[in-house]
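Next comes upload-v2.cif, a file with mmCIF, C-alpha atoms.
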```cif
data_start
loop_
_atom_site.label_atom_id
_atom_site.label_comp_id
_atom_site.auth_asym_id
_atom_site.auth_seq_id
_atom_site.Cartn_x
_atom_site.Cartn_y
_atom_site.Cartn_z
CA MET R 161 109.44 -23.40 -59.99
CA LYS R 162 106.55 -25.63 -58.85
CA ARG R 163 108.11 -26.02 -55.39
CA LEU R 164 108.59 -22.27 -55.09
CA LEU R 165 104.98 -21.58 -56.06
CA ASP R 166 103.73 -24.23 -53.63
CA PHE R 167 105.82 -22.72 -50.83
CA VAL R 168 104.56 -19.17 -51.43
CA PHE R 169 100.95 -20.39 -51.69
CA VAL R 170 101.14 -22.26 -48.38
CA PHE R 171 103.04 -19.41 -46.72
CA LEU R 172 100.41 -16.85 -47.72
CA LEU R 173 97.65 -19.04 -46.31
CA LEU R 174 99.51 -19.76 -43.07
CA VAL R 175 100.38 -16.17 -42.16
CA TYR R 176 97.14 -14.40 -43.06
CA PRO R 177 95.18 -15.50 -39.94
CA PHE R 178 97.78 -13.70 -37.83
CA ILE R 179 97.83 -10.62 -40.07
CA ASN R 180 94.02 -10.59 -39.93
CA MET R 181 94.08 -10.12 -36.17
CA LEU R 182 96.77 -7.43 -36.01
CA PRO R 183 95.73 -3.96 -34.73
CA ASP R 184 95.15 -1.26 -37.32
CA ASP R 185 98.53 0.27 -36.46
CA PHE R 186 100.14 -2.71 -38.22
CA MET R 187 98.11 -2.49 -41.44
CA ILE R 188 101.38 -2.30 -43.37
CA PHE R 189 101.71 -6.08 -42.95
CA GLY R 190 98.33 -6.57 -44.62
CA THR R 191 99.47 -4.34 -47.48
CA ILE R 192 102.69 -6.34 -47.87
CA TRP R 193 100.69 -9.58 -47.85
CA GLY R 194 98.41 -8.23 -50.57
CA ILE R 195 101.37 -7.19 -52.73
CA VAL R 196 103.07 -10.59 -52.33
CA ALA R 197 99.77 -12.35 -53.11
CA THR R 198 99.37 -10.22 -56.26
CA LEU R 199 102.91 -10.95 -57.42
CA PHE R 200 102.29 -14.64 -56.76
CA VAL R 201 99.13 -14.59 -58.89
CA LEU R 202 100.97 -12.82 -61.74
CA LEU R 203 103.78 -15.37 -61.56
CA VAL R 204 101.29 -18.23 -61.72
CA LEU R 205 99.65 -16.69 -64.79
CA LEU R 206 103.07 -16.45 -66.48
CA VAL R 207 104.23 -19.95 -65.57
CA LYS R 208 101.03 -21.96 -65.95
CA LYS R 209 100.07 -22.56 -69.55
CA LYS R 210 96.55 -23.52 -68.56
CA ALA R 211 95.79 -21.01 -65.84
CA ILE R 212 92.08 -20.91 -66.63
CA ASN R 213 89.70 -22.53 -64.15
CA ARG R 214 86.35 -21.72 -62.57
CA TYR R 215 87.81 -19.39 -59.96
CA ALA R 216 89.88 -17.49 -62.51
CA ILE R 217 86.89 -17.14 -64.85
CA SER R 218 84.71 -15.89 -61.98
CA ALA R 219 87.40 -13.37 -61.02
CA PHE R 220 87.62 -12.12 -64.61
CA LEU R 221 83.85 -11.83 -65.02
CA ILE R 222 83.25 -10.00 -61.74
CA SER R 223 86.28 -7.72 -62.20
CA ILE R 224 85.00 -6.47 -65.56
CA PHE R 225 81.80 -5.05 -64.11
CA ILE R 226 83.44 -3.76 -60.94
CA PHE R 227 85.99 -1.73 -62.85
CA ILE R 228 83.46 -0.54 -65.46
CA SER R 229 81.28 0.67 -62.61
CA ILE R 230 84.20 2.54 -61.06
CA LEU R 231 85.17 4.15 -64.37
CA LEU R 232 81.59 5.37 -64.89
CA SER R 233 81.17 6.66 -61.32
CA ASN R 234 81.11 10.30 -60.27
CA GLU R 235 84.58 10.12 -58.77
CA ILE R 236 87.41 7.79 -59.76
CA THR R 237 89.83 7.17 -56.90
CA PHE R 238 92.68 4.80 -56.19
CA LEU R 239 90.84 3.61 -53.07
CA LYS R 240 87.94 2.41 -55.21
CA PHE R 241 90.24 0.29 -57.38
CA VAL R 242 91.95 -1.17 -54.30
CA THR R 243 88.58 -1.98 -52.73
CA GLY R 244 87.29 -3.50 -55.96
CA TYR R 245 90.46 -5.57 -56.27
CA LYS R 246 89.85 -7.02 -52.80
CA TYR R 247 86.76 -8.74 -54.23
CA ILE R 248 88.89 -10.32 -56.96
CA LEU R 249 92.13 -11.37 -55.21
CA PRO R 250 90.55 -14.20 -53.15
CA PHE R 251 89.28 -15.87 -56.36
CA LEU R 252 92.69 -15.58 -58.01
CA LEU R 253 94.65 -16.82 -55.02
CA ALA R 254 92.24 -19.67 -54.29
CA SER R 255 92.50 -20.79 -57.94
CA TYR R 256 95.99 -22.16 -57.25
CA ILE R 257 94.39 -25.02 -55.34
CA TYR R 258 93.75 -26.55 -58.78
CA TRP R 259 97.52 -27.14 -59.07
CA TYR R 260 98.07 -28.16 -55.46
CA PRO R 261 96.78 -31.75 -55.26
CA LEU R 262 96.33 -33.12 -51.76
CA ASP R 263 97.71 -36.55 -50.94
CA GLU R 264 97.15 -38.38 -47.67
CA LYS R 265 100.26 -36.86 -46.09
CA LYS R 266 99.19 -33.29 -46.92
CA ILE R 267 95.68 -33.95 -45.63
CA HIS R 268 97.07 -35.10 -42.27
CA ILE R 269 99.34 -32.04 -42.11
CA ILE R 270 96.45 -29.68 -42.87
CA TYR R 271 94.37 -31.40 -40.19
CA LYS R 272 97.11 -30.84 -37.59
CA ILE R 273 97.59 -27.20 -38.64
CA LEU R 274 93.86 -26.54 -38.35
CA PHE R 275 93.86 -28.09 -34.87
CA ILE R 276 96.81 -25.94 -33.75
CA TYR R 277 95.23 -22.78 -35.18
CA LEU R 278 91.95 -23.47 -33.40
CA ILE R 279 93.78 -23.89 -30.10
CA LEU R 280 95.62 -20.62 -30.71
CA MET R 281 92.36 -18.83 -31.55
CA ILE R 282 90.73 -20.15 -28.37
CA ALA R 283 93.76 -18.96 -26.38
CA LEU R 284 93.39 -15.51 -27.95
CA PHE R 285 89.68 -15.48 -27.15
CA LEU R 286 90.33 -16.37 -23.49
CA TYR R 287 93.08 -13.75 -23.30
CA ARG R 288 90.76 -11.02 -24.61
CA LEU R 289 87.98 -12.29 -22.33
CA SER R 290 90.27 -11.72 -19.34
CA TYR R 291 89.88 -7.97 -20.00
CA VAL R 292 86.32 -8.25 -18.66
CA ASP R 293 87.15 -10.76 -15.92
CA PHE R 294 85.87 -13.68 -18.03
CA ASN R 295 82.34 -12.32 -17.93
CA LEU R 296 80.88 -13.66 -21.18
CA PHE R 297 77.94 -11.28 -21.00
CA MET R 298 80.27 -8.28 -21.10
CA VAL R 299 81.67 -9.30 -24.51
CA THR R 300 78.78 -7.72 -26.41
CA MET R 301 78.43 -4.72 -24.11
CA LYS R 302 82.14 -3.88 -24.31
CA LYS R 303 82.90 -5.39 -27.69
CA ASP R 304 85.14 -2.52 -28.77
CA PHE R 305 87.10 -2.90 -25.55
CA VAL R 306 87.42 -6.68 -25.71
CA TRP R 307 88.09 -6.71 -29.45
CA TYR R 308 90.56 -3.93 -30.22
CA ASP R 309 89.97 -1.99 -33.44
CA ASN R 310 86.65 -3.78 -33.95
CA LYS R 311 88.34 -7.13 -34.64
CA SER R 312 85.37 -9.16 -33.41
CA HIS R 313 84.13 -9.88 -36.96
CA ASN R 314 87.66 -10.78 -38.10
CA PHE R 315 88.04 -13.23 -35.23
CA ALA R 316 84.58 -14.75 -35.59
CA GLN R 317 84.80 -15.22 -39.36
CA MET R 318 88.30 -16.69 -39.14
CA TYR R 319 87.34 -18.99 -36.30
CA ILE R 320 84.21 -20.37 -37.98
CA LEU R 321 86.15 -21.03 -41.20
CA LEU R 322 88.73 -22.97 -39.19
CA CYS R 323 85.94 -24.87 -37.42
CA VAL R 324 84.08 -26.01 -40.53
CA SER R 325 87.38 -26.91 -42.23
CA PHE R 326 88.50 -28.95 -39.23
CA LEU R 327 85.10 -30.67 -39.10
CA PHE R 328 85.32 -31.70 -42.76
CA PHE R 329 88.88 -33.01 -42.39
CA SER R 330 87.78 -34.87 -39.25
CA TYR R 331 85.13 -36.67 -41.30
CA LEU R 332 87.61 -37.20 -44.12
CA LEU R 333 90.13 -38.84 -41.76
CA LYS R 334 87.47 -40.30 -39.45
CA LYS R 335 89.04 -38.97 -36.27
CA ASN R 336 88.04 -36.61 -33.43
CA ILE R 337 84.63 -35.78 -34.92
CA TYR R 338 83.16 -35.12 -31.46
CA ILE R 339 85.96 -32.68 -30.67
CA ALA R 340 85.41 -30.97 -34.01
CA TYR R 341 81.80 -30.22 -33.07
CA ILE R 342 82.79 -28.99 -29.61
CA PHE R 343 85.16 -26.47 -31.19
CA PHE R 344 82.07 -24.56 -32.38
CA LEU R 345 81.18 -23.56 -28.81
CA PRO R 346 83.24 -20.31 -28.50
CA ILE R 347 81.45 -18.82 -31.52
CA PHE R 348 78.31 -18.32 -29.43
CA PHE R 349 80.18 -16.05 -27.00
CA VAL R 350 82.04 -13.75 -29.40
CA GLY R 351 79.14 -11.32 -29.80
CA VAL R 352 79.04 -11.37 -33.62
CA ARG R 353 75.43 -12.10 -34.54
CA SER R 354 75.95 -12.76 -38.24
CA VAL R 355 78.43 -15.54 -37.48
CA ILE R 356 76.30 -16.93 -34.64
CA LEU R 357 73.32 -17.17 -37.00
CA ALA R 358 75.43 -18.68 -39.77
CA THR R 359 76.91 -21.24 -37.37
CA LEU R 360 73.46 -22.30 -36.19
CA LEU R 361 72.29 -22.65 -39.80
CA PHE R 362 75.37 -24.71 -40.68
CA LEU R 363 75.02 -27.07 -37.71
CA ILE R 364 71.25 -27.48 -38.05
CA ILE R 365 71.40 -28.13 -41.81
CA LEU R 366 74.30 -30.54 -41.48
CA SER R 367 72.83 -32.49 -38.56
CA THR R 368 69.35 -32.59 -40.14
CA LEU R 369 70.61 -33.98 -43.43
CA MET R 370 73.32 -36.21 -42.03
CA VAL R 371 71.08 -38.97 -40.67
CA LYS R 372 73.92 -41.37 -39.87
CA SER R 373 75.61 -38.73 -37.73
CA TYR R 374 72.57 -37.84 -35.64
CA LEU R 375 74.11 -39.17 -32.44
CA LYS R 376 77.30 -37.15 -32.82
CA ALA R 377 75.39 -34.01 -33.70
CA ILE R 378 72.90 -34.49 -30.84
CA LEU R 379 75.69 -35.05 -28.34
CA ALA R 380 77.50 -31.96 -29.64
CA PHE R 381 74.34 -29.83 -29.35
CA PHE R 382 73.71 -31.25 -25.87
CA PHE R 383 77.22 -30.25 -24.81
CA ILE R 384 76.71 -26.75 -26.21
CA PHE R 385 73.38 -26.24 -24.42
CA LEU R 386 74.75 -27.79 -21.22
CA SER R 387 77.62 -25.29 -21.33
CA LEU R 388 75.16 -22.43 -21.84
CA ALA R 389 73.07 -23.70 -18.92
CA ILE R 390 76.13 -23.78 -16.68
CA VAL R 391 77.07 -20.24 -17.69
CA GLN R 392 73.51 -18.97 -17.21
CA PRO R 393 70.73 -21.34 -16.00
CA ASP R 394 68.07 -18.77 -16.89
CA PHE R 395 68.06 -18.94 -20.70
CA LYS R 396 66.07 -15.70 -20.89
CA LYS R 397 69.14 -13.91 -19.59
CA LEU R 398 71.26 -15.19 -22.47
CA THR R 399 69.83 -12.55 -24.80
CA PRO R 400 72.74 -10.09 -24.25
CA LEU R 401 74.87 -12.51 -26.27
CA ILE R 402 72.84 -11.80 -29.41
CA LEU R 403 71.98 -8.13 -28.90
CA SER R 404 73.71 -5.22 -30.58
CA ALA R 405 76.25 -3.41 -28.42
CA GLN R 406 73.83 -0.48 -28.06
CA ASP R 407 70.92 -2.67 -26.92
CA ALA R 408 73.13 -4.70 -24.61
CA ASN R 409 74.10 -1.51 -22.83
CA ARG R 410 70.72 0.28 -22.85
CA GLY R 411 68.53 -2.73 -22.14
CA GLU R 412 65.98 -4.68 -24.17
CA ASP R 413 63.12 -2.44 -23.11
CA LYS R 414 64.62 0.42 -25.16
CA MET R 415 65.38 -1.73 -28.19
CA THR R 416 64.20 -0.45 -31.58
CA PHE R 417 64.48 -1.96 -35.04
CA THR R 418 67.27 0.51 -35.82
CA SER R 419 69.27 -0.37 -32.71
CA MET R 420 68.57 -4.07 -33.18
CA SER R 421 69.91 -3.93 -36.76
CA SER R 422 72.84 -1.69 -35.76
CA GLY R 423 71.49 0.99 -38.08
CA ARG R 424 71.34 -1.20 -41.17
CA ASP R 425 67.79 -0.04 -41.92
CA ILE R 426 69.02 3.57 -42.08
CA ILE R 427 71.84 2.57 -44.41
CA LEU R 428 69.49 0.66 -46.72
CA ASP R 429 67.00 3.56 -46.72
CA TYR R 430 69.78 5.95 -47.74
CA TYR R 431 70.90 3.67 -50.57
CA MET R 432 67.32 3.35 -51.82
CA LYS R 433 66.86 7.14 -51.88
CA GLU R 434 70.20 7.69 -53.61
CA LEU R 435 69.59 5.01 -56.25
CA ASP R 436 70.06 6.63 -59.66
CA PRO R 437 67.75 5.01 -62.27
CA GLU R 438 70.22 6.00 -64.99
CA LYS R 439 72.92 3.92 -63.31
CA ILE R 440 70.82 0.92 -62.35
CA PHE R 441 72.79 -1.32 -64.73
CA VAL R 442 76.30 -0.21 -63.72
CA GLY R 443 75.72 0.97 -60.14
CA SER R 444 77.20 3.88 -58.23
CA GLY R 445 80.78 2.60 -58.31
CA MET R 446 80.98 2.44 -54.51
CA GLN R 447 79.67 5.95 -53.91
CA PHE R 448 80.26 5.62 -50.17
CA LEU R 449 84.01 5.87 -50.85
CA GLU R 450 83.73 9.25 -52.59
CA THR R 451 84.99 12.36 -50.82
CA ASN R 452 81.69 14.25 -51.13
CA SER R 453 79.50 11.31 -50.13
CA ASP R 454 76.98 12.01 -47.35
CA PHE R 455 77.28 8.40 -46.21
CA LYS R 456 80.53 6.58 -45.54
CA LEU R 457 79.11 3.15 -44.71
CA GLY R 458 78.58 0.06 -46.81
CA LEU R 459 75.44 -2.08 -46.65
CA HIS R 460 76.83 -5.04 -44.68
CA ASN R 461 75.12 -7.28 -47.23
CA ASP R 462 77.22 -8.58 -50.11
CA THR R 463 74.35 -9.19 -52.53
CA LEU R 464 72.77 -5.77 -51.99
CA GLU R 465 76.21 -4.14 -52.04
CA PHE R 466 76.88 -5.59 -55.48
CA PHE R 467 73.52 -4.35 -56.74
CA PHE R 468 73.85 -0.78 -55.47
CA SER R 469 77.59 -0.41 -56.11
CA PHE R 470 77.97 -2.36 -59.36
CA GLY R 471 74.43 -2.43 -60.72
CA ILE R 472 72.40 -5.19 -62.32
CA PHE R 473 75.39 -6.25 -64.43
CA GLY R 474 77.60 -6.57 -61.35
CA LEU R 475 74.93 -8.48 -59.46
CA PHE R 476 74.53 -10.84 -62.42
CA ALA R 477 78.31 -11.39 -62.47
CA LEU R 478 78.21 -12.28 -58.76
CA ILE R 479 75.26 -14.64 -59.17
CA PHE R 480 76.75 -16.40 -62.18
CA GLY R 481 80.42 -16.25 -61.16
CA LEU R 482 80.01 -17.33 -57.54
CA TYR R 483 76.55 -18.65 -56.74
CA TYR R 484 76.11 -20.66 -59.95
CA SER R 485 79.59 -21.38 -61.29
CA ILE R 486 81.13 -22.31 -57.93
CA PHE R 487 78.39 -23.08 -55.39
CA TYR R 488 75.92 -24.85 -57.68
CA ASP R 489 78.73 -26.63 -59.54
CA ALA R 490 80.07 -27.97 -56.23
CA TYR R 491 76.59 -29.15 -55.25
CA LYS R 492 76.02 -30.82 -58.62
CA LYS R 493 79.35 -32.67 -58.61
CA THR R 494 79.23 -34.04 -55.07
CA HIS R 495 77.27 -36.80 -53.41
CA GLY R 496 76.81 -38.32 -49.97
CA ILE R 497 78.23 -36.47 -46.99
CA ASN R 498 80.19 -34.14 -49.26
CA ARG R 499 77.00 -32.82 -50.82
CA LEU R 500 75.54 -32.27 -47.35
CA PHE R 501 78.64 -30.28 -46.45
CA ILE R 502 78.26 -28.16 -49.58
CA VAL R 503 74.63 -27.38 -48.71
CA ALA R 504 75.55 -26.51 -45.11
CA LEU R 505 78.47 -24.36 -46.27
CA ILE R 506 76.21 -22.43 -48.64
CA PHE R 507 73.84 -21.70 -45.73
CA LEU R 508 76.86 -20.65 -43.67
CA PHE R 509 77.95 -18.31 -46.44
CA PHE R 510 74.59 -16.59 -46.80
CA GLY R 511 74.16 -16.41 -43.02
CA ILE R 512 77.30 -14.27 -42.82
CA SER R 513 77.11 -12.57 -46.21
CA ASN R 514 73.57 -11.22 -45.70
CA PHE R 515 74.49 -9.36 -42.52
CA ALA R 516 78.18 -8.52 -42.86
CA PHE R 517 80.99 -7.97 -45.35
CA PHE R 518 82.24 -11.44 -46.28
CA ILE R 519 83.17 -11.54 -49.97
CA TYR R 520 85.22 -8.37 -49.51
CA ASN R 521 87.11 -9.85 -46.56
CA GLN R 522 90.24 -11.68 -47.70
CA LEU R 523 89.35 -14.49 -45.28
CA ILE R 524 86.90 -15.68 -47.95
CA ILE R 525 89.95 -17.29 -49.60
CA TYR R 526 89.73 -20.15 -47.11
CA PHE R 527 86.03 -20.62 -47.85
CA TYR R 528 86.67 -20.85 -51.61
CA ILE R 529 89.45 -23.36 -51.05
CA LEU R 530 87.27 -25.42 -48.70
CA ILE R 531 84.48 -25.54 -51.31
CA PHE R 532 87.00 -26.92 -53.83
CA ILE R 533 88.32 -29.52 -51.37
CA VAL R 534 84.84 -30.70 -50.36
CA LYS R 535 83.92 -30.98 -54.05
CA ASN R 536 86.98 -33.00 -55.02
CA TYR R 537 87.89 -35.11 -52.00
CA GLN R 538 85.14 -37.54 -51.15
CA ILE R 539 84.57 -38.62 -47.55
CA PRO R 540 85.00 -42.41 -47.82
CA ARG R 541 83.56 -45.38 -46.03
CA ASN R 542 86.90 -47.16 -45.85
CA GLY R 543 90.25 -45.59 -46.56
CA LEU R 544 90.92 -42.30 -48.26
CA MET R 545 89.40 -41.84 -51.71
CA TYR R 546 89.20 -39.05 -54.23
CA GLU R 547 86.46 -37.99 -56.61
CA ASN R 548 87.16 -37.31 -60.25
CA GLN R 549 87.86 -33.65 -60.82
#
```

Could you write out this file's structure as structure tokens?
Amino acid sequence: MKRLLDFVFVFLLLVYPFINMLPDDFMIFGTIWGIVATLFVLLVLLVKKKAINRYAISAFLISIFIFISILLSNEITFLKFVTGYKYILPFLLASYIYWYPLDEKKIHIIYKILFIYLILMIALFLYRLSYVDFNLFMVTMKKDFVWYDNKSHNFAQMYILLCVSFLFFSYLLKKNIYIAYIFFLPIFFVGVRSVILATLLFLIILSTLMVKSYLKAILAFFFIFLSLAIVQPDFKKLTPLILSAQDANRGEDKMTFTSMSSGRDIILDYYMKELDPEKIFVGSGMQFLETNSDFKLGLHNDTLEFFFSFGIFGLFALIFGLYYSIFYDAYKKTHGINRLFIVALIFLFFGISNFAFFIYNQLIIYFYILIFIVKNYQIPRNGLMYENQ
């Protein structure tokens, strides 16, 4: 049974990056993946006598307040339960990493898989870029054209998770660290500002704290800026890469706070006006998914989304279940380079999470697993060592 569970776990992780990039016409594959993942989790709960760990506890805590909020909302729909479940499934699936110990052979295999996936993602990026004749400055202006079905965020989030994972395994195995840093370069040309900001935060925090790796970080940054200079010597003209699609097309002179934020200020203003004091503890239960809702958009900010949709109780569950129980615990139980990675990863998380949906996206599974690996597998000075779990 253990071999079967291991196989399904690895299979689910291997295929999801491809499912994540499929056009919306093939959403059935995502549904099938979710069903298989759910059945896998149920099987693990039946087979494992001690299926309780930090991720499972966090999933249970957060799920309680999500579903209470839905049950107390103005309209109870199946879509709300499915959406709420998408916050929970990544915790449950990632929890299996507790029973999937990594030996040196597995670590080398994961390293090779990450490398192959990064190459494939770069190939996909270049293929999509060919639609605008490899003009990097057209990516933002024609983002919906370059990235079919608005897949730019899917690509960017998947790619950065592969990058930071490959970087950690490069340090763990002490090989190709320079190449690992160079892999970050395509992120700056995808046109997804939340991921660009998060990547900069990650690299700056990591290079600032990692004194012994200054040279590698400096050389990596030099290569990145040299590449930007080759693409566009006038750095002032690089701004289209970080503008919203609307501003990139209209021009900076017509930029407003609303256009710059892609309308997020309007969304937040609506949520503030619709905030019901009587439901401040349980939230609206994802009101934007109701049939009679005047607004069909989420906040693009995970923390605020939890507050408005699931109330103070839901926000507390998120803070305790994720920020404290997982992030702070990982920080507390690591040291050396591993602790620096944890700090940088937390900045990466908030860089994306504060400006886009991240916890809701099933890609967060890889982030949770990476946090666990960084916490438990210490980057050594000589040889491959493990920390006590």

Assuming the chain letters and numbering stay as they are in my file, what does the PyMOL selection byres ((chain R and resi 447) around 10) actually select? List them as a PyMOL selection string. chain R and resi 230+233-236+240+431+434+443-446+448-458+468-469

Neighbouring residues of Ile479 in chain R were defined as those with any atom within 10 Å, considering all atoms listed in the file; residues of the same chain fewer than 6 positions away were excluded. Please report them as a PyMOL selection string. chain R and resi 218+222+463+466+473+485-487

Restrict the selected residues to C-alpha atoms and save them as a compact mmCIF listing (two decimals), keeping the file's coordinate frame.
```txt
# COMPACT_ATOMS: atom_id res chain seq x y z
CA SER R 218 84.71 -15.89 -61.98
CA ILE R 222 83.25 -10.00 -61.74
CA THR R 463 74.35 -9.19 -52.53
CA PHE R 466 76.88 -5.59 -55.48
CA PHE R 473 75.39 -6.25 -64.43
CA SER R 485 79.59 -21.38 -61.29
CA ILE R 486 81.13 -22.31 -57.93
CA PHE R 487 78.39 -23.08 -55.39
```

I'd like the residues picked by the PyMOL selection byres ((chain R and resi 532) around 9) written out as a ChimeraX atom specification, using the chain letters and numbers from the file. /R:254,257-258,486,490,527-531,533-537

Looking at only C-alpha atoms, which of R:Leu428, R:Val170, R:Leu357, R:Leu478 is the one that sits closest to Phe510 in chain R? R:Leu357

Mind telling me what the PyMOL selection byres ((chain R and resi 516) around 6) catches here, as a list in words?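 Selected by the PyMOL selection byres ((chain R and resi 516) around 6) in this file: His460, Asn461, Ile512, Ser513, Phe515 and Phe517 of chain R.
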
Mind giving me the straight-line distance from CA of Leu164 in chain R to CA of Leu253 in chain R in Å, one decimal?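 If I compute the distance from CA of Leu164 in chain R to CA of Leu253 in chain R, I get 15.0 Å.
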
Å distance separating CA of His495 in chain R from CA of Pro540 in chain R, one decimal place: 11.1 Å

Using all atoms listed in the file, find the one residue out of R:Tyr247, R:Phe344, R:Phe167, R:Phe189 that sits nearest to Ala358 in chain R.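 Checking each candidate against Ala358 in chain R, we get R:Phe344 as the closest.
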
Residues near Lys246 in chain R, cut-off 8 Å, only C-alpha atoms, skip fewer than 4 positions along chain, as a VMD selection string: chain R and resid 242 250 520 to 522

Nearest to Ile339 in chain R, chosen from R:Ile269, R:Val352, R:Leu278, R:Leu239, with all atoms listed in the file counted in the distances: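 Ranked by minimum distance to Ile339 in chain R, first place goes to R:Leu278.
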
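We find CA of Ile228 in chain R and CA of Phe470 in chain R to be spaced 8.4 Å apart.
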
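Take the candidates R:Leu182, R:Leu199, R:Ile270, R:Ala477 and check each one against Leu333 in chain R using all atoms listed in the file; the shortest distance goes to R:Ile270.
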
Name the residues in contact with Tyr488 in chain R at a cut-off of 10 Å, using all atoms listed in the file, excluding same-chain residues fewer than 5 positions from it; report them as a list in words.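 Near neighbours after the sequence-gap exclusion: Phe480, Leu482, Tyr483, Lys493, Ile502, Val503 and Ile506 of chain R.
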